[in-house]
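Read through the structure below, which is laid out as structure tokens, and then see the notes.
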Amino acid sequence: MSFQSRPTVPRDTAEAGSAALGALPEWDLSDLYPAPDAPELARDLDWLRGACADFAARYQGRLATLDAAGFLECIRAYERIHAVSGRIMSYAGLRYYQQTTDAERSQFLANMQDRVTEYTTPLVFFSLEVNRLDDALVDGWLAADAELARYRPVLERLRKMRPHQLSDELERFLHDMSVVGAAAWNRLFDETTAALTFEVQGETLNLEATLNTLTDT
């Protein structure tokens, strides 16, 4: 078996090509929110806080008393809450990953994580309570309502976690601590690696550009 070395591109040629490209494109996040201080974002945060509190007040301790239609309404309300919280965190996360060395973006992401975690804490009961429901009751709901039956895969996946479910107090504690757990360490790792620079043949390069030079030989 023979190997042929890949032709290399002179550095000055590569730099000239990069300059010719002009400004590189960036993610357009305006479909999520126009800006970090957009009133739409403030509106969704306010809605999320109220919706989570209302959901807990309406359903906590009462899931087993619902009928199929009532549980479908509950599922859809829960789904709506997660759609909004996901939209908020998608915007904050994608904006941060556009430039991980920007302290303002990092702080904005941390603030959004704190607020979303705080607002969604009342929802911790839901998965725990769903997993305590009798199989016969859940199967009856799914058989009685075709729309609810669409959520069967989600419910089955959730209920498979029953053997690993902790107490309500511990699950709530883990939820509250999530912002200073793995997510915080992941963000620290991203910020640290993004800030690394190396001297390569008299030129200061970031980590990605430095690793790219390894392909030039």
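Residue numbering restarts at 1 for every chain of the structure tokens, chains are lettered A, B, ... in their displayed order, and ligands are numbered from 1 as they appear.
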Can you pull out every residue within 8 Å of range 130-133 of chain A, counting only C-alpha atoms, but drop anything in the same chain fewer than 4 positions away, and send it as number ranges by chain?
A: 63-64, 126, 137-138, 158-159, 161-162
Give me, as a PDB file with N, CA and C atoms, in the first residue's frame, the residues of range 93-122 of chain A that a backbone DSSP run labels alpha helix (DSSP H).
```
ATOM      1  N   GLY A  93     -27.631  30.111  24.314  1.00  0.00           N
ATOM      2  CA  GLY A  93     -26.526  29.206  24.034  1.00  0.00           C
ATOM      3  C   GLY A  93     -25.878  29.463  22.687  1.00  0.00           C
ATOM      4  N   LEU A  94     -26.687  29.628  21.640  1.00  0.00           N
ATOM      5  CA  LEU A  94     -26.131  29.869  20.307  1.00  0.00           C
ATOM      6  C   LEU A  94     -25.406  31.210  20.252  1.00  0.00           C
ATOM      7  N   ARG A  95     -25.968  32.202  20.914  1.00  0.00           N
ATOM      8  CA  ARG A  95     -25.306  33.515  20.942  1.00  0.00           C
ATOM      9  C   ARG A  95     -23.957  33.413  21.651  1.00  0.00           C
ATOM     10  N   TYR A  96     -23.906  32.639  22.715  1.00  0.00           N
ATOM     11  CA  TYR A  96     -22.645  32.442  23.435  1.00  0.00           C
ATOM     12  C   TYR A  96     -21.620  31.733  22.554  1.00  0.00           C
ATOM     13  N   TYR A  97     -22.049  30.697  21.840  1.00  0.00           N
ATOM     14  CA  TYR A  97     -21.107  29.923  21.033  1.00  0.00           C
ATOM     15  C   TYR A  97     -20.665  30.651  19.770  1.00  0.00           C
ATOM     16  N   GLN A  98     -21.311  31.749  19.447  1.00  0.00           N
ATOM     17  CA  GLN A  98     -20.786  32.586  18.372  1.00  0.00           C
ATOM     18  C   GLN A  98     -19.434  33.177  18.753  1.00  0.00           C
ATOM     19  N   ALA A 103     -17.174  38.066  27.389  1.00  0.00           N
ATOM     20  CA  ALA A 103     -17.630  37.961  28.777  1.00  0.00           C
ATOM     21  C   ALA A 103     -19.118  38.286  28.905  1.00  0.00           C
ATOM     22  N   GLU A 104     -19.597  39.245  28.110  1.00  0.00           N
ATOM     23  CA  GLU A 104     -21.006  39.619  28.196  1.00  0.00           C
ATOM     24  C   GLU A 104     -21.908  38.472  27.762  1.00  0.00           C
ATOM     25  N   ARG A 105     -21.515  37.769  26.707  1.00  0.00           N
ATOM     26  CA  ARG A 105     -22.316  36.637  26.232  1.00  0.00           C
ATOM     27  C   ARG A 105     -22.296  35.495  27.242  1.00  0.00           C
ATOM     28  N   SER A 106     -21.145  35.279  27.837  1.00  0.00           N
ATOM     29  CA  SER A 106     -21.042  34.237  28.857  1.00  0.00           C
ATOM     30  C   SER A 106     -21.929  34.557  30.053  1.00  0.00           C
ATOM     31  N   GLN A 107     -21.918  35.819  30.477  1.00  0.00           N
ATOM     32  CA  GLN A 107     -22.745  36.221  31.612  1.00  0.00           C
ATOM     33  C   GLN A 107     -24.227  36.134  31.270  1.00  0.00           C
ATOM     34  N   PHE A 108     -24.577  36.494  30.046  1.00  0.00           N
ATOM     35  CA  PHE A 108     -25.973  36.412  29.615  1.00  0.00           C
ATOM     36  C   PHE A 108     -26.456  34.963  29.643  1.00  0.00           C
ATOM     37  N   LEU A 109     -25.617  34.044  29.146  1.00  0.00           N
ATOM     38  CA  LEU A 109     -25.982  32.631  29.173  1.00  0.00           C
ATOM     39  C   LEU A 109     -26.165  32.152  30.610  1.00  0.00           C
ATOM     40  N   ALA A 110     -25.246  32.524  31.488  1.00  0.00           N
ATOM     41  CA  ALA A 110     -25.349  32.114  32.889  1.00  0.00           C
ATOM     42  C   ALA A 110     -26.620  32.676  33.530  1.00  0.00           C
ATOM     43  N   ASN A 111     -26.939  33.928  33.215  1.00  0.00           N
ATOM     44  CA  ASN A 111     -28.151  34.539  33.773  1.00  0.00           C
ATOM     45  C   ASN A 111     -29.408  33.815  33.301  1.00  0.00           C
ATOM     46  N   MET A 112     -29.437  33.467  32.012  1.00  0.00           N
ATOM     47  CA  MET A 112     -30.603  32.763  31.485  1.00  0.00           C
ATOM     48  C   MET A 112     -30.719  31.368  32.108  1.00  0.00           C
ATOM     49  N   GLN A 113     -29.597  30.696  32.283  1.00  0.00           N
ATOM     50  CA  GLN A 113     -29.629  29.382  32.925  1.00  0.00           C
ATOM     51  C   GLN A 113     -30.161  29.487  34.348  1.00  0.00           C
ATOM     52  N   ASP A 114     -29.713  30.499  35.067  1.00  0.00           N
ATOM     53  CA  ASP A 114     -30.180  30.695  36.442  1.00  0.00           C
ATOM     54  C   ASP A 114     -31.688  30.926  36.481  1.00  0.00           C
ATOM     55  N   ARG A 115     -32.161  31.802  35.607  1.00  0.00           N
ATOM     56  CA  ARG A 115     -33.577  32.163  35.645  1.00  0.00           C
ATOM     57  C   ARG A 115     -34.463  31.011  35.179  1.00  0.00           C
ATOM     58  N   VAL A 116     -34.070  30.343  34.112  1.00  0.00           N
ATOM     59  CA  VAL A 116     -34.882  29.227  33.619  1.00  0.00           C
ATOM     60  C   VAL A 116     -34.903  28.092  34.639  1.00  0.00           C
ATOM     61  N   THR A 117     -33.764  27.829  35.262  1.00  0.00           N
ATOM     62  CA  THR A 117     -33.726  26.791  36.297  1.00  0.00           C
ATOM     63  C   THR A 117     -34.629  27.159  37.467  1.00  0.00           C
ATOM     64  N   GLU A 118     -34.561  28.408  37.891  1.00  0.00           N
ATOM     65  CA  GLU A 118     -35.411  28.861  38.998  1.00  0.00           C
ATOM     66  C   GLU A 118     -36.888  28.754  38.640  1.00  0.00           C
ATOM     67  N   TYR A 119     -37.247  29.218  37.452  1.00  0.00           N
ATOM     68  CA  TYR A 119     -38.657  29.238  37.066  1.00  0.00           C
ATOM     69  C   TYR A 119     -39.229  27.841  36.879  1.00  0.00           C
ATOM     70  N   THR A 120     -38.399  26.903  36.390  1.00  0.00           N
ATOM     71  CA  THR A 120     -38.900  25.556  36.097  1.00  0.00           C
ATOM     72  C   THR A 120     -38.806  24.602  37.284  1.00  0.00           C
TER      73      THR A 120
END
```
Expressed in Å, the length from CA of Leu205 in chain A to CA of Gln99 in chain A is 15.9 Å
List as an MDAnalysis selection string the protein and nucleic acid residues near Ala56 in chain A, meaning an atom at most 10 Å away when only C-alpha atoms are counted, but skip any in the same chain fewer than 6 places from it.
chainID A and resid 62 120:126
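Our summary of the geometry notes that CA of Asp102 in chain A is positioned 13.9 Å from CA of Pro36 in chain A.
With CA of Cys74 in chain A on one side and CA of Arg43 in chain A on the other, the separation reads 22.5 Å.
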Write out as a compact mmCIF listing (two decimals) with N, CA and C atoms, in the first residue's frame the residues lying within 12 Å of Ser30 in chain A, counting only C-alpha atoms and excluding same-chain residues fewer than 5 positions away.
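For reference, result.txt as written:
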```txt
# COMPACT_ATOMS: atom_id res chain seq x y z
N ALA A 35 -32.64 40.55 20.05
CA ALA A 35 -31.48 41.01 20.82
C ALA A 35 -31.63 40.54 22.26
N PRO A 36 -30.53 40.55 23.02
CA PRO A 36 -30.62 40.11 24.42
C PRO A 36 -31.58 40.94 25.27
N ALA A 38 -34.33 42.34 24.06
CA ALA A 38 -35.58 42.44 23.30
C ALA A 38 -36.78 42.28 24.23
N GLU A 40 -39.47 40.88 23.53
CA GLU A 40 -40.01 39.54 23.33
C GLU A 40 -39.39 38.54 24.31
N LEU A 41 -38.11 38.70 24.57
CA LEU A 41 -37.44 37.81 25.52
C LEU A 41 -37.94 38.07 26.94
N ARG A 87 -36.59 27.69 23.70
CA ARG A 87 -36.32 28.84 22.82
C ARG A 87 -35.37 29.82 23.50
N SER A 90 -31.91 28.19 23.78
CA SER A 90 -31.28 28.06 22.46
C SER A 90 -30.68 29.39 22.03
N TYR A 91 -31.42 30.46 22.26
CA TYR A 91 -30.91 31.78 21.89
C TYR A 91 -29.66 32.12 22.71
N ALA A 92 -29.75 31.94 24.02
CA ALA A 92 -28.61 32.27 24.88
C ALA A 92 -27.40 31.41 24.55
N LEU A 94 -26.69 29.63 21.64
CA LEU A 94 -26.13 29.87 20.31
C LEU A 94 -25.41 31.21 20.25
N ARG A 95 -25.97 32.20 20.91
CA ARG A 95 -25.31 33.51 20.94
C ARG A 95 -23.96 33.41 21.65
```
